[in-house]
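Q: Got a structure for you, protein34.cif, holding mmCIF, C-alpha atoms.
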data_entry
loop_
_atom_site.label_atom_id
_atom_site.label_comp_id
_atom_site.auth_asym_id
_atom_site.auth_seq_id
_atom_site.Cartn_x
_atom_site.Cartn_y
_atom_site.Cartn_z
CA MET T 1 -57.50 -13.36 -14.29
CA SER T 2 -57.07 -10.02 -12.68
CA THR T 3 -58.81 -6.79 -13.38
CA LYS T 4 -55.42 -5.21 -14.07
CA SER T 5 -55.45 -6.38 -17.67
CA THR T 6 -58.80 -4.77 -18.32
CA GLY T 7 -57.59 -1.22 -18.09
CA ALA T 8 -56.72 -1.08 -21.77
CA ILE T 9 -59.95 -2.65 -22.92
CA GLY T 10 -62.57 -0.18 -24.00
CA ALA T 11 -65.97 -0.66 -25.53
CA HIS T 12 -64.39 -0.28 -28.96
CA ASN T 13 -62.08 -3.27 -28.73
CA ALA T 14 -64.08 -5.65 -26.57
CA LYS T 15 -65.27 -8.74 -28.39
CA VAL T 16 -68.93 -8.89 -29.33
CA MET T 17 -70.33 -11.88 -27.46
CA ASN T 18 -73.70 -13.52 -26.92
CA ARG T 19 -75.94 -12.74 -23.95
CA PHE T 20 -77.36 -16.24 -23.47
CA ASP T 21 -73.91 -17.79 -23.62
CA LEU T 22 -72.56 -15.30 -21.08
CA THR T 23 -75.63 -15.70 -18.85
CA LYS T 24 -75.04 -19.46 -18.75
CA ARG T 25 -71.36 -18.93 -17.97
CA LEU T 26 -72.29 -16.57 -15.13
CA VAL T 27 -74.97 -18.79 -13.62
CA GLY T 28 -72.58 -21.74 -13.82
CA LYS T 29 -70.28 -19.94 -11.41
CA LEU T 30 -72.94 -19.41 -8.74
CA LYS T 31 -72.30 -21.95 -6.00
CA ARG T 32 -73.52 -20.13 -2.91
CA ASP T 33 -77.18 -19.38 -3.68
CA GLU T 34 -76.31 -15.94 -4.97
CA ALA T 35 -79.33 -13.77 -5.84
CA VAL T 36 -79.71 -12.61 -9.44
CA ILE T 37 -82.01 -9.81 -10.58
CA GLY T 38 -82.76 -9.98 -14.30
CA GLY T 39 -83.63 -6.58 -15.76
CA ILE T 40 -86.57 -5.95 -18.05
CA GLY T 41 -86.70 -7.73 -21.41
CA ASN T 42 -84.03 -9.95 -22.82
CA ALA T 43 -81.80 -9.73 -19.73
CA ASN T 44 -84.35 -11.62 -17.65
CA PHE T 45 -85.57 -13.80 -20.55
CA ASP T 46 -82.10 -15.25 -20.99
CA LEU T 47 -81.74 -15.60 -17.21
CA TRP T 48 -85.00 -17.55 -17.21
CA ALA T 49 -83.73 -19.70 -20.07
CA SER T 50 -80.51 -20.45 -18.20
CA GLY T 51 -82.46 -22.38 -15.55
CA GLN T 52 -85.04 -21.18 -13.06
CA ARG T 53 -83.09 -20.90 -9.85
CA PRO T 54 -85.23 -19.93 -6.82
CA GLN T 55 -82.76 -17.11 -6.17
CA ASN T 56 -83.56 -15.45 -9.52
CA PHE T 57 -85.89 -12.48 -9.76
CA TYR T 58 -87.30 -11.65 -13.18
CA MET T 59 -88.24 -7.99 -13.52
CA LEU T 60 -91.20 -7.71 -15.90
CA GLY T 61 -91.73 -3.92 -15.78
CA SER T 62 -90.16 -0.96 -14.01
CA MET T 63 -87.44 -0.45 -16.62
CA GLY T 64 -84.16 0.61 -15.04
CA LEU T 65 -84.80 -0.74 -11.56
CA ALA T 66 -82.79 -3.97 -11.65
CA VAL T 67 -79.80 -2.34 -9.94
CA PRO T 68 -81.88 -0.59 -7.23
CA ILE T 69 -83.72 -3.85 -6.51
CA ALA T 70 -80.40 -5.69 -6.29
CA LEU T 71 -79.04 -3.00 -3.96
CA GLY T 72 -82.05 -3.49 -1.69
CA VAL T 73 -81.51 -7.25 -1.58
CA ALA T 74 -77.80 -6.72 -0.93
CA LEU T 75 -78.54 -4.41 2.01
CA ALA T 76 -81.09 -6.84 3.44
CA GLN T 77 -78.79 -9.86 3.13
CA PRO T 78 -75.17 -8.69 3.44
CA ARG T 79 -73.86 -12.26 3.53
CA ARG T 80 -75.36 -13.19 0.18
CA HIS T 81 -73.85 -11.98 -3.08
CA VAL T 82 -76.35 -10.23 -5.33
CA LEU T 83 -76.06 -9.65 -9.08
CA ALA T 84 -78.07 -7.35 -11.33
CA LEU T 85 -78.19 -8.14 -15.06
CA GLU T 86 -79.15 -5.01 -16.96
CA GLY T 87 -79.24 -3.86 -20.57
CA ASP T 88 -77.52 -0.69 -21.72
CA GLY T 89 -80.83 1.05 -22.44
CA SER T 90 -82.15 0.19 -19.00
CA LEU T 91 -79.02 1.36 -17.22
CA LEU T 92 -79.07 4.62 -19.20
CA MET T 93 -82.59 5.20 -17.88
CA GLN T 94 -81.41 5.05 -14.26
CA LEU T 95 -77.75 6.13 -14.31
CA GLY T 96 -78.13 7.80 -10.93
CA CYS T 97 -78.25 4.38 -9.28
CA LEU T 98 -74.52 4.01 -10.00
CA ALA T 99 -73.81 6.97 -7.71
CA THR T 100 -76.08 5.50 -5.04
CA VAL T 101 -74.35 2.11 -5.26
CA ALA T 102 -70.90 3.69 -5.11
CA GLU T 103 -71.84 5.73 -2.07
CA ARG T 104 -73.36 2.78 -0.20
CA ALA T 105 -70.44 0.57 -1.36
CA PRO T 106 -72.09 -2.80 -0.70
CA LYS T 107 -69.44 -5.51 -0.57
CA ASN T 108 -71.80 -8.08 -2.05
CA LEU T 109 -73.15 -6.45 -5.22
CA THR T 110 -72.18 -7.00 -8.84
CA ILE T 111 -73.73 -5.19 -11.80
CA VAL T 112 -73.54 -6.87 -15.20
CA VAL T 113 -74.33 -4.72 -18.22
CA TRP T 114 -75.28 -6.30 -21.54
CA ASP T 115 -74.44 -3.64 -24.09
CA ASN T 116 -75.67 -4.15 -27.62
CA GLY T 117 -76.29 -0.46 -28.23
CA ILE T 118 -79.92 -1.05 -29.13
CA TYR T 119 -83.37 -1.26 -27.65
CA GLN T 120 -83.57 -4.78 -28.99
CA ILE T 121 -87.03 -5.67 -27.77
CA THR T 122 -88.75 -2.64 -29.27
CA GLY T 123 -87.32 -2.98 -32.76
CA SER T 124 -83.58 -2.53 -32.32
CA GLN T 125 -83.53 1.25 -32.33
CA PRO T 126 -80.10 2.55 -31.24
CA THR T 127 -79.72 3.67 -27.64
CA PRO T 128 -78.57 7.26 -27.02
CA GLY T 129 -74.81 7.31 -26.98
CA ALA T 130 -74.54 3.84 -28.47
CA ALA T 131 -71.42 4.92 -30.32
CA THR T 132 -70.20 7.61 -27.95
CA ALA T 133 -70.98 6.78 -24.29
CA ASP T 134 -68.77 4.34 -22.40
CA LEU T 135 -70.79 2.78 -19.60
CA VAL T 136 -67.70 1.50 -17.79
CA ALA T 137 -66.19 4.99 -17.76
CA ILE T 138 -69.52 6.32 -16.50
CA ALA T 139 -69.57 3.74 -13.70
CA ARG T 140 -66.00 4.54 -12.72
CA GLY T 141 -66.84 8.21 -12.77
CA ALA T 142 -69.79 7.50 -10.48
CA GLY T 143 -67.36 5.93 -8.03
CA ILE T 144 -67.55 2.20 -8.80
CA ALA T 145 -63.81 1.69 -9.14
CA SER T 146 -64.04 -2.00 -10.00
CA SER T 147 -65.70 -1.49 -13.37
CA ALA T 148 -64.41 -3.21 -16.49
CA TRP T 149 -65.23 -4.25 -20.02
CA ALA T 150 -64.86 -7.97 -20.60
CA ALA T 151 -62.47 -8.37 -23.52
CA ASP T 152 -63.76 -11.85 -24.36
CA GLU T 153 -65.51 -14.84 -22.80
CA ASP T 154 -62.47 -15.94 -20.81
CA GLU T 155 -62.05 -12.55 -19.29
CA PHE T 156 -65.79 -12.36 -18.55
CA ASP T 157 -65.45 -15.61 -16.59
CA GLY T 158 -62.49 -14.21 -14.69
CA LEU T 159 -64.23 -10.95 -13.89
CA VAL T 160 -67.26 -12.83 -12.57
CA VAL T 161 -65.11 -15.06 -10.34
CA SER T 162 -63.26 -12.03 -9.05
CA ALA T 163 -66.49 -10.07 -8.42
CA LEU T 164 -68.09 -12.97 -6.53
CA LYS T 165 -65.30 -12.74 -3.98
CA GLY T 166 -66.92 -9.48 -2.89
CA GLY T 167 -65.33 -6.70 -0.92
CA ALA T 168 -66.57 -3.85 -3.08
CA PRO T 169 -69.28 -3.29 -5.68
CA ASN T 170 -68.27 -4.43 -9.16
CA LEU T 171 -69.52 -3.61 -12.63
CA ILE T 172 -68.82 -5.90 -15.57
CA ALA T 173 -69.80 -4.72 -19.03
CA ALA T 174 -70.01 -7.00 -22.04
CA ARG T 175 -70.60 -6.08 -25.63
CA ILE T 176 -73.20 -8.43 -26.98
CA ASP T 177 -74.73 -9.24 -30.35
CA ASN T 178 -78.29 -8.51 -31.42
CA LYS T 179 -79.62 -12.07 -31.11
CA PRO T 180 -82.95 -12.21 -29.27
CA ALA T 181 -83.35 -14.12 -26.02
CA VAL T 182 -83.81 -17.86 -26.39
CA ALA T 183 -87.01 -18.06 -24.26
CA THR T 184 -89.60 -15.88 -22.58
CA THR T 185 -90.19 -15.61 -18.84
CA ASP T 186 -93.61 -16.69 -17.52
CA ARG T 187 -95.36 -13.43 -16.75
CA ASP T 188 -96.58 -14.07 -13.23
CA PRO T 189 -95.19 -11.39 -10.89
CA VAL T 190 -96.65 -12.82 -7.68
CA GLN T 191 -95.26 -16.27 -8.36
CA ILE T 192 -91.88 -14.77 -9.30
CA ARG T 193 -91.75 -12.71 -6.10
CA GLU T 194 -92.96 -15.60 -3.89
CA ARG T 195 -90.43 -18.04 -5.27
CA PHE T 196 -87.66 -15.50 -4.96
CA MET T 197 -88.47 -14.75 -1.31
CA ARG T 198 -88.54 -18.44 -0.47
CA GLY T 199 -85.27 -18.87 -2.38
CA LEU T 200 -83.74 -16.17 -0.19
CA GLY T 201 -85.18 -17.66 2.99
CA SER T 202 -87.07 -14.45 3.77
CA LYS T 203 -90.42 -16.18 3.56
CA SER T 204 -91.38 -19.63 4.71
CA GLY T 205 -94.50 -21.55 5.56
CA HIS T 206 -97.68 -21.51 3.55
CA MET X 1 -96.75 2.34 30.11
CA THR X 2 -100.53 2.68 30.14
CA LYS X 3 -102.47 3.63 27.07
CA THR X 4 -103.19 7.04 28.53
CA GLN X 5 -99.53 7.65 29.26
CA ALA X 6 -98.62 6.58 25.73
CA GLN X 7 -101.23 8.91 24.33
CA ALA X 8 -100.03 11.74 26.52
CA GLN X 9 -96.48 11.14 25.38
CA ALA X 10 -97.58 11.11 21.74
CA GLN X 11 -99.39 14.41 22.29
CA ALA X 12 -96.20 15.92 23.66
CA SER X 13 -94.05 14.67 20.78
CA ALA X 14 -93.41 16.45 17.52
CA TRP X 15 -94.97 14.81 14.44
CA HIS X 16 -91.61 13.57 13.22
CA GLU X 17 -90.86 11.96 16.59
CA ILE X 18 -94.12 10.04 16.33
CA VAL X 19 -93.21 8.86 12.82
CA VAL X 20 -89.79 7.69 14.02
CA ALA X 21 -91.27 5.87 17.02
CA THR X 22 -93.91 4.15 14.90
CA LEU X 23 -91.39 3.04 12.27
CA LYS X 24 -89.23 1.56 15.02
CA ALA X 25 -92.14 -0.15 16.70
CA ASN X 26 -92.90 -1.84 13.37
CA ASP X 27 -89.29 -2.80 12.63
CA VAL X 28 -89.04 -0.56 9.56
CA ARG X 29 -85.27 -0.17 9.37
CA LEU X 30 -84.45 1.00 5.86
CA ILE X 31 -85.33 4.56 4.90
CA VAL X 32 -84.58 5.80 1.38
CA TYR X 33 -85.54 9.31 0.45
CA VAL X 34 -85.36 12.16 -1.99
CA PRO X 35 -85.23 15.20 0.28
CA ASP X 36 -87.98 17.62 1.10
CA ARG X 37 -87.79 20.79 3.18
CA VAL X 38 -90.81 19.89 5.30
CA PHE X 39 -89.41 16.42 6.00
CA THR X 40 -86.03 17.80 7.10
CA PRO X 41 -86.61 17.24 10.85
CA LEU X 42 -87.81 13.69 10.13
CA ILE X 43 -84.80 12.91 7.94
CA LYS X 44 -82.47 14.38 10.57
CA ALA X 45 -84.05 12.33 13.35
CA ILE X 46 -83.81 9.14 11.29
CA HIS X 47 -80.14 9.74 10.50
CA ALA X 48 -79.48 10.41 14.19
CA ASP X 49 -80.87 7.02 15.20
CA THR X 50 -78.62 4.01 14.63
CA PHE X 51 -81.69 1.77 14.41
CA PHE X 52 -82.12 2.95 10.84
CA THR X 53 -80.16 2.55 7.66
CA ALA X 54 -80.97 5.78 5.83
CA PHE X 55 -79.69 7.34 2.63
CA PRO X 56 -80.84 9.41 -0.33
CA ALA X 57 -81.59 8.02 -3.78
CA THR X 58 -81.28 10.00 -7.00
CA ARG X 59 -84.91 9.45 -7.99
CA GLU X 60 -88.05 8.39 -6.19
CA GLU X 61 -88.52 5.31 -8.38
CA GLU X 62 -84.97 4.27 -7.56
CA ALA X 63 -85.89 4.52 -3.87
CA LEU X 64 -88.95 2.34 -4.48
CA GLY X 65 -86.82 -0.25 -6.27
CA ILE X 66 -84.39 -0.35 -3.35
CA ILE X 67 -87.04 -0.93 -0.70
CA THR X 68 -88.73 -3.51 -2.95
CA GLY X 69 -85.49 -5.50 -3.08
CA ALA X 70 -85.00 -5.05 0.65
CA TRP X 71 -88.51 -6.34 1.42
CA MET X 72 -87.89 -9.41 -0.71
CA GLY X 73 -84.67 -9.94 1.21
CA GLY X 74 -86.45 -9.69 4.55
CA LEU X 75 -85.82 -6.05 5.50
CA ARG X 76 -88.70 -3.60 5.88
CA GLY X 77 -88.30 -0.20 4.29
CA ALA X 78 -90.03 3.10 3.67
CA VAL X 79 -89.52 5.85 1.11
CA LEU X 80 -89.86 9.57 1.73
CA MET X 81 -90.56 12.13 -0.99
CA GLN X 82 -92.42 15.32 -1.78
CA THR X 83 -95.47 15.67 -3.98
CA SER X 84 -93.56 16.42 -7.19
CA GLY X 85 -91.44 13.33 -6.59
CA PHE X 86 -94.55 11.23 -6.40
CA ALA X 87 -95.25 12.10 -10.02
CA THR X 88 -92.14 10.15 -11.05
CA ILE X 89 -93.23 6.80 -9.57
CA PRO X 90 -96.51 5.65 -11.19
CA ASN X 91 -94.70 3.25 -13.54
CA ALA X 92 -92.74 1.67 -10.71
CA LEU X 93 -95.98 1.33 -8.73
CA ALA X 94 -98.01 -0.09 -11.61
CA SER X 95 -95.39 -2.44 -13.02
CA LEU X 96 -93.46 -3.55 -9.92
CA VAL X 97 -94.86 -2.71 -6.49
CA VAL X 98 -98.56 -3.39 -7.08
CA PRO X 99 -98.36 -6.51 -9.30
CA SER X 100 -95.61 -8.02 -7.14
CA GLN X 101 -97.60 -7.33 -3.94
CA ILE X 102 -94.90 -5.36 -2.15
CA PRO X 103 -95.92 -3.64 1.13
CA ALA X 104 -94.03 -0.47 0.26
CA LEU X 105 -94.49 2.31 2.81
CA ILE X 106 -94.58 5.62 0.96
CA PHE X 107 -94.47 8.91 2.87
CA VAL X 108 -95.31 12.00 0.83
CA SER X 109 -94.87 15.52 2.14
CA GLU X 110 -97.90 17.21 0.66
CA ARG X 111 -97.01 20.25 -1.36
CA GLY X 112 -99.28 22.17 -3.69
CA THR X 113 -102.01 23.05 -1.26
CA MET X 114 -102.76 25.42 1.62
CA GLY X 115 -100.46 28.24 0.71
CA GLU X 116 -98.36 26.73 -2.06
CA PHE X 117 -96.33 29.26 -4.01
CA ASN X 118 -95.03 26.91 -6.70
CA LEU X 119 -97.50 26.39 -9.55
CA GLY X 120 -95.82 23.12 -10.57
CA GLN X 121 -96.36 21.62 -7.13
CA ALA X 122 -99.97 22.80 -7.11
CA LEU X 123 -100.77 21.01 -10.38
CA VAL X 124 -98.86 17.82 -9.53
CA CYS X 125 -100.66 17.67 -6.19
CA LYS X 126 -103.96 17.30 -8.01
CA THR X 127 -102.76 14.19 -9.84
CA MET X 128 -101.56 12.30 -6.76
CA ARG X 129 -104.77 10.91 -5.24
CA PRO X 130 -106.43 10.06 -8.59
CA VAL X 131 -103.30 8.09 -9.59
CA LEU X 132 -103.25 6.20 -6.29
CA ASP X 133 -107.01 5.57 -6.42
CA SER X 134 -106.83 4.29 -9.99
CA LEU X 135 -104.15 1.80 -8.91
CA ALA X 136 -106.21 0.88 -5.84
CA VAL X 137 -103.25 1.84 -3.66
CA GLU X 138 -104.31 2.68 -0.12
CA ASN X 139 -103.70 6.38 0.51
CA ILE X 140 -104.36 8.24 3.69
CA THR X 141 -104.06 11.96 4.17
CA ILE X 142 -102.98 12.68 7.72
CA THR X 143 -103.97 16.09 9.06
CA ARG X 144 -104.27 15.54 12.82
CA HIS X 145 -101.45 15.10 15.30
CA ASP X 146 -103.60 13.01 17.65
CA GLU X 147 -104.40 10.53 14.88
CA LEU X 148 -100.89 10.16 13.47
CA ALA X 149 -99.57 7.29 15.59
CA PHE X 150 -102.78 5.27 15.28
CA ILE X 151 -103.04 5.68 11.49
CA LEU X 152 -99.38 4.88 10.87
CA ASP X 153 -99.20 1.91 13.19
CA ARG X 154 -102.41 0.26 11.99
CA SER X 155 -101.74 0.97 8.32
CA ILE X 156 -98.17 -0.35 8.38
CA LYS X 157 -99.48 -3.54 9.97
CA GLN X 158 -102.22 -3.75 7.34
CA ALA X 159 -99.74 -3.22 4.50
CA VAL X 160 -97.58 -6.08 5.72
CA ALA X 161 -100.52 -8.38 6.48
CA THR X 162 -102.20 -7.78 3.10
CA GLN X 163 -98.96 -7.47 1.10
CA ALA X 164 -100.03 -4.15 -0.34
CA PRO X 165 -98.39 -0.72 -0.55
CA VAL X 166 -99.70 2.24 1.41
CA THR X 167 -99.17 5.96 0.90
CA PHE X 168 -99.19 8.39 3.80
CA ILE X 169 -99.83 11.93 2.60
CA LEU X 170 -98.67 14.23 5.38
CA SER X 171 -100.72 17.40 5.14
CA PRO X 172 -99.46 20.90 5.97
CA LEU X 173 -102.11 20.79 8.71
CA LEU X 174 -99.87 18.22 10.42
CA THR X 175 -96.38 19.33 9.40
CA GLY X 176 -96.81 23.05 9.00
CA GLY X 177 -95.95 22.76 5.32
CA LYS X 178 -93.68 25.11 3.46
CA VAL X 179 -94.51 28.75 3.16
CA PHE X 180 -93.37 31.39 0.71
CA GLU X 181 -90.45 33.29 2.15
CA GLY X 182 -90.33 36.08 -0.34
#
Take the structure in this file and express it as structure tokens.
A:
Amino acid sequence: MSTKSTGAIGAHNAKVMNRFDLTKRLVGKLKRDEAVIGGIGNANFDLWASGQRPQNFYMLGSMGLAVPIALGVALAQPRRHVLALEGDGSLLMQLGCLATVAERAPKNLTIVVWDNGIYQITGSQPTPGAATADLVAIARGAGIASSAWAADEDEFDGLVVSALKGGAPNLIAARIDNKPAVATTDRDPVQIRERFMRGLGSKSGH
Amino acid sequence: MTKTQAQAQAQASAWHEIVVATLKANDVRLIVYVPDRVFTPLIKAIHADTFFTAFPATREEEALGIITGAWMGGLRGAVLMQTSGFATIPNALASLVVPSQIPALIFVSERGTMGEFNLGQALVCKTMRPVLDSLAVENITITRHDELAFILDRSIKQAVATQAPVTFILSPLLTGGKVFEG
């Protein structure tokens, strides 16, 4: 699967998929202890539900900061691939980070956007621009050239495989349904941070 | 170098040179900032030194997120901002940095006092210390050149040892501040 075929796919004709299914597909492709930052709400709940890898960080607050946190990890550990899983509402809150990522151009960073056009966790209110803003076009405009909508599950798989090869920052956007996450992350920030640091080898000992 | 020589050298250095030297001595390599006029010589000196990775972020909370990720990945970082920028970060402090026990090093160029001409800065300035105190975030206002190296060095070490953020508020008494130019 190449990203060439994605040029014609826009938000309007991408298949509506399921976040938990796609999260499992993504995690299943991680073979090199890649770090994954799950954004606030359902993005990290479904990451949690997909299996609690020590290289996962579950962001319980600080809406919008999954991509900046992932950028920080990517800068600290240039040999490890880092992924940020972020909802459309969260990304809209911190769009500037796309410009920062493009300018730094980390070779080991992939942004995954789950776009259901709603603030699902607060009562499914529509996000601004749900029907009018194209997050992939915004990312390209910010300078992340490798940005694409996933037309369907197969193409999502292909885009993930391609992104994990690294070389330039990638953004993969997927339209998703409005099904809630299948589990809830344990709300223990210190434990989450400790486990993550040990999973990344940046903290050892007692 | 003896202690006296080091002190003498610190006395002879500009404030921003002392900040740079102390960051290097403590292996703080990543500097993310939203610019400030008063911090310009510091930002310039950091960019001129290949020891550092330094770049601007679009918002102060974005900068905090970046250095939080970097810390978790094993790289020490600091953020630079001005007083008004501080007002954009309480949520990131309260919901990420403090509960996750991240030793974020936060440098604030203090605006809004001692000759401020911008009413907005003056009001925001009054919210800064109460916010930090209510979050129990260590905050130190640095006014004296001869105390700068000691405060920074000891407080960075304390932040790392206690896994807690620290805010350095650099007063116009130290930096000269920004004055109304007509």
Q: Which one is closest to chain X: T:Leu22, T:Leu164, T:Leu30, T:Met197? Count only C-alpha atoms.
A: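 Result for the nearest residue to chain X: T:Met197.
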Q: Using only C-alpha atoms, which residues of chain T come within 7 Å of chain X, and what is the closest atom pair for each, with the distance in Å to one decimal? Give it as CSV, sorted by chain and residue number.
A:
residue,atom,partner,partner_atom,distance
T:Gly61,CA,X:Ser95,CA,4.8
T:Ser62,CA,X:Ala92,CA,4.9
T:Leu65,CA,X:Gly65,CA,5.7
T:Pro68,CA,X:Ile66,CA,4.6
T:Ile69,CA,X:Gly69,CA,4.2
T:Ala70,CA,X:Gly69,CA,6.0
T:Leu71,CA,X:Ile66,CA,6.0
T:Gly72,CA,X:Ala70,CA,4.1
T:Val73,CA,X:Gly69,CA,4.6
T:Leu75,CA,X:Ala70,CA,6.6
T:Ala76,CA,X:Ala70,CA,5.1
T:Gln77,CA,X:Gly73,CA,6.2
T:Gly96,CA,X:Thr58,CA,5.5
T:Cys97,CA,X:Thr58,CA,6.8
T:Thr100,CA,X:Ala57,CA,6.2
T:Pro189,CA,X:Ser100,CA,5.1
T:Val190,CA,X:Ser100,CA,4.9
T:Arg193,CA,X:Ser100,CA,6.2
T:Met197,CA,X:Met72,CA,5.4
T:Leu200,CA,X:Gly73,CA,6.5
T:Ser202,CA,X:Gly74,CA,4.9
Q: Using C-alpha atoms, can you write the selected residues to a file as a tab-separated table (two decimals), in the frame of the given file?
A:
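As a result, again_38.tsv now contains:
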chain	number	residue	atom	x	y	z
T	61	GLY	CA	-91.73	-3.92	-15.78
T	62	SER	CA	-90.16	-0.96	-14.01
T	65	LEU	CA	-84.80	-0.74	-11.56
T	68	PRO	CA	-81.88	-0.59	-7.23
T	69	ILE	CA	-83.72	-3.85	-6.51
T	70	ALA	CA	-80.40	-5.69	-6.29
T	71	LEU	CA	-79.04	-3.00	-3.96
T	72	GLY	CA	-82.05	-3.49	-1.69
T	73	VAL	CA	-81.51	-7.25	-1.58
T	75	LEU	CA	-78.54	-4.41	2.01
T	76	ALA	CA	-81.09	-6.84	3.44
T	77	GLN	CA	-78.79	-9.86	3.13
T	96	GLY	CA	-78.13	7.80	-10.93
T	97	CYS	CA	-78.25	4.38	-9.28
T	100	THR	CA	-76.08	5.50	-5.04
T	189	PRO	CA	-95.19	-11.39	-10.89
T	190	VAL	CA	-96.65	-12.82	-7.68
T	193	ARG	CA	-91.75	-12.71	-6.10
T	197	MET	CA	-88.47	-14.75	-1.31
T	200	LEU	CA	-83.74	-16.17	-0.19
T	202	SER	CA	-87.07	-14.45	3.77
Q: Find, counting all atoms listed in the file, the residue in T:Thr23, T:Ala163, T:Ala181, T:Gly117 that gets nearest to Val82 of chain T.
A: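 Closest to Val82 of chain T of all the choices is T:Ala163.
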Q: Which one is closest to Trp48 of chain T: T:Ser90, T:Ser146, T:Asn108, T:Thr184? Count all atoms listed in the file.
A: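 Between T:Ser90, T:Ser146, T:Asn108, T:Thr184, the residue approaching Trp48 of chain T most closely is T:Thr184.
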Q: List the residues sitting within 12 Å of (-75.0, -0.2, -16.9) in the file's frame, using all atoms listed in the file, as a PyMOL selection string.
A: chain T and resi 39+64-68+84-99+101+110-117+133-140+142+144+147-149+170-175
Q: Selected residues, C-alpha atoms, written as a compact mmCIF listing (two decimals), in the coordinates of the input, please.
A:
# COMPACT_ATOMS: atom_id res chain seq x y z
CA GLY T 39 -83.63 -6.58 -15.76
CA GLY T 64 -84.16 0.61 -15.04
CA LEU T 65 -84.80 -0.74 -11.56
CA ALA T 66 -82.79 -3.97 -11.65
CA VAL T 67 -79.80 -2.34 -9.94
CA PRO T 68 -81.88 -0.59 -7.23
CA ALA T 84 -78.07 -7.35 -11.33
CA LEU T 85 -78.19 -8.14 -15.06
CA GLU T 86 -79.15 -5.01 -16.96
CA GLY T 87 -79.24 -3.86 -20.57
CA ASP T 88 -77.52 -0.69 -21.72
CA GLY T 89 -80.83 1.05 -22.44
CA SER T 90 -82.15 0.19 -19.00
CA LEU T 91 -79.02 1.36 -17.22
CA LEU T 92 -79.07 4.62 -19.20
CA MET T 93 -82.59 5.20 -17.88
CA GLN T 94 -81.41 5.05 -14.26
CA LEU T 95 -77.75 6.13 -14.31
CA GLY T 96 -78.13 7.80 -10.93
CA CYS T 97 -78.25 4.38 -9.28
CA LEU T 98 -74.52 4.01 -10.00
CA ALA T 99 -73.81 6.97 -7.71
CA VAL T 101 -74.35 2.11 -5.26
CA THR T 110 -72.18 -7.00 -8.84
CA ILE T 111 -73.73 -5.19 -11.80
CA VAL T 112 -73.54 -6.87 -15.20
CA VAL T 113 -74.33 -4.72 -18.22
CA TRP T 114 -75.28 -6.30 -21.54
CA ASP T 115 -74.44 -3.64 -24.09
CA ASN T 116 -75.67 -4.15 -27.62
CA GLY T 117 -76.29 -0.46 -28.23
CA ALA T 133 -70.98 6.78 -24.29
CA ASP T 134 -68.77 4.34 -22.40
CA LEU T 135 -70.79 2.78 -19.60
CA VAL T 136 -67.70 1.50 -17.79
CA ALA T 137 -66.19 4.99 -17.76
CA ILE T 138 -69.52 6.32 -16.50
CA ALA T 139 -69.57 3.74 -13.70
CA ARG T 140 -66.00 4.54 -12.72
CA ALA T 142 -69.79 7.50 -10.48
CA ILE T 144 -67.55 2.20 -8.80
CA SER T 147 -65.70 -1.49 -13.37
CA ALA T 148 -64.41 -3.21 -16.49
CA TRP T 149 -65.23 -4.25 -20.02
CA ASN T 170 -68.27 -4.43 -9.16
CA LEU T 171 -69.52 -3.61 -12.63
CA ILE T 172 -68.82 -5.90 -15.57
CA ALA T 173 -69.80 -4.72 -19.03
CA ALA T 174 -70.01 -7.00 -22.04
CA ARG T 175 -70.60 -6.08 -25.63
Q: Taking only residues of segment 14-116 of chain X that have an atom at most 10 Å from an atom of segment 160-178 of chain X, what is each one's shortest atom pair and its distance in Å to one decimal, using all atoms listed in the file, in chain and number order, as a Markdown table?
A:
| residue | atom | partner | partner_atom | distance |
| --- | --- | --- | --- | --- |
| X:Ala14 | CA | X:Thr175 | CA | 9.1 |
| X:Trp15 | CA | X:Thr175 | CA | 6.9 |
| X:His16 | CA | X:Thr175 | CA | 8.4 |
| X:Asn26 | CA | X:Val160 | CA | 9.9 |
| X:Asp36 | CA | X:Lys178 | CA | 9.7 |
| X:Arg37 | CA | X:Lys178 | CA | 7.3 |
| X:Val38 | CA | X:Gly177 | CA | 5.9 |
| X:Phe39 | CA | X:Thr175 | CA | 8.3 |
| X:Arg76 | CA | X:Val160 | CA | 9.2 |
| X:Ala78 | CA | X:Val166 | CA | 10.0 |
| X:Val79 | CA | X:Thr167 | CA | 9.7 |
| X:Leu80 | CA | X:Phe168 | CA | 9.6 |
| X:Met81 | CA | X:Ile169 | CA | 9.9 |
| X:Gln82 | CA | X:Ile169 | CA | 9.3 |
| X:Thr83 | CA | X:Ile169 | CA | 8.7 |
| X:Leu93 | CA | X:Pro165 | CA | 8.8 |
| X:Val97 | CA | X:Pro165 | CA | 7.2 |
| X:Val98 | CA | X:Ala164 | CA | 6.9 |
| X:Pro99 | CA | X:Ala164 | CA | 9.4 |
| X:Ser100 | CA | X:Gln163 | CA | 8.9 |
| X:Gln101 | CA | X:Gln163 | CA | 5.2 |
| X:Ile102 | CA | X:Ala164 | CA | 5.6 |
| X:Pro103 | CA | X:Pro165 | CA | 4.2 |
| X:Ala104 | CA | X:Pro165 | CA | 4.4 |
| X:Leu105 | CA | X:Val166 | CA | 5.4 |
| X:Ile106 | CA | X:Thr167 | CA | 4.6 |
| X:Phe107 | CA | X:Phe168 | CA | 4.8 |
| X:Val108 | CA | X:Ile169 | CA | 4.9 |
| X:Ser109 | CA | X:Leu170 | CA | 5.2 |
| X:Glu110 | CA | X:Ser171 | CA | 5.3 |
| X:Arg111 | CA | X:Gly177 | CA | 7.2 |
| X:Gly112 | CA | X:Lys178 | CA | 9.5 |
| X:Thr113 | CA | X:Pro172 | CA | 8.0 |
| X:Met114 | CA | X:Pro172 | CA | 7.1 |
| X:Gly115 | CA | X:Lys178 | CA | 8.0 |
| X:Glu116 | CA | X:Lys178 | CA | 7.4 |
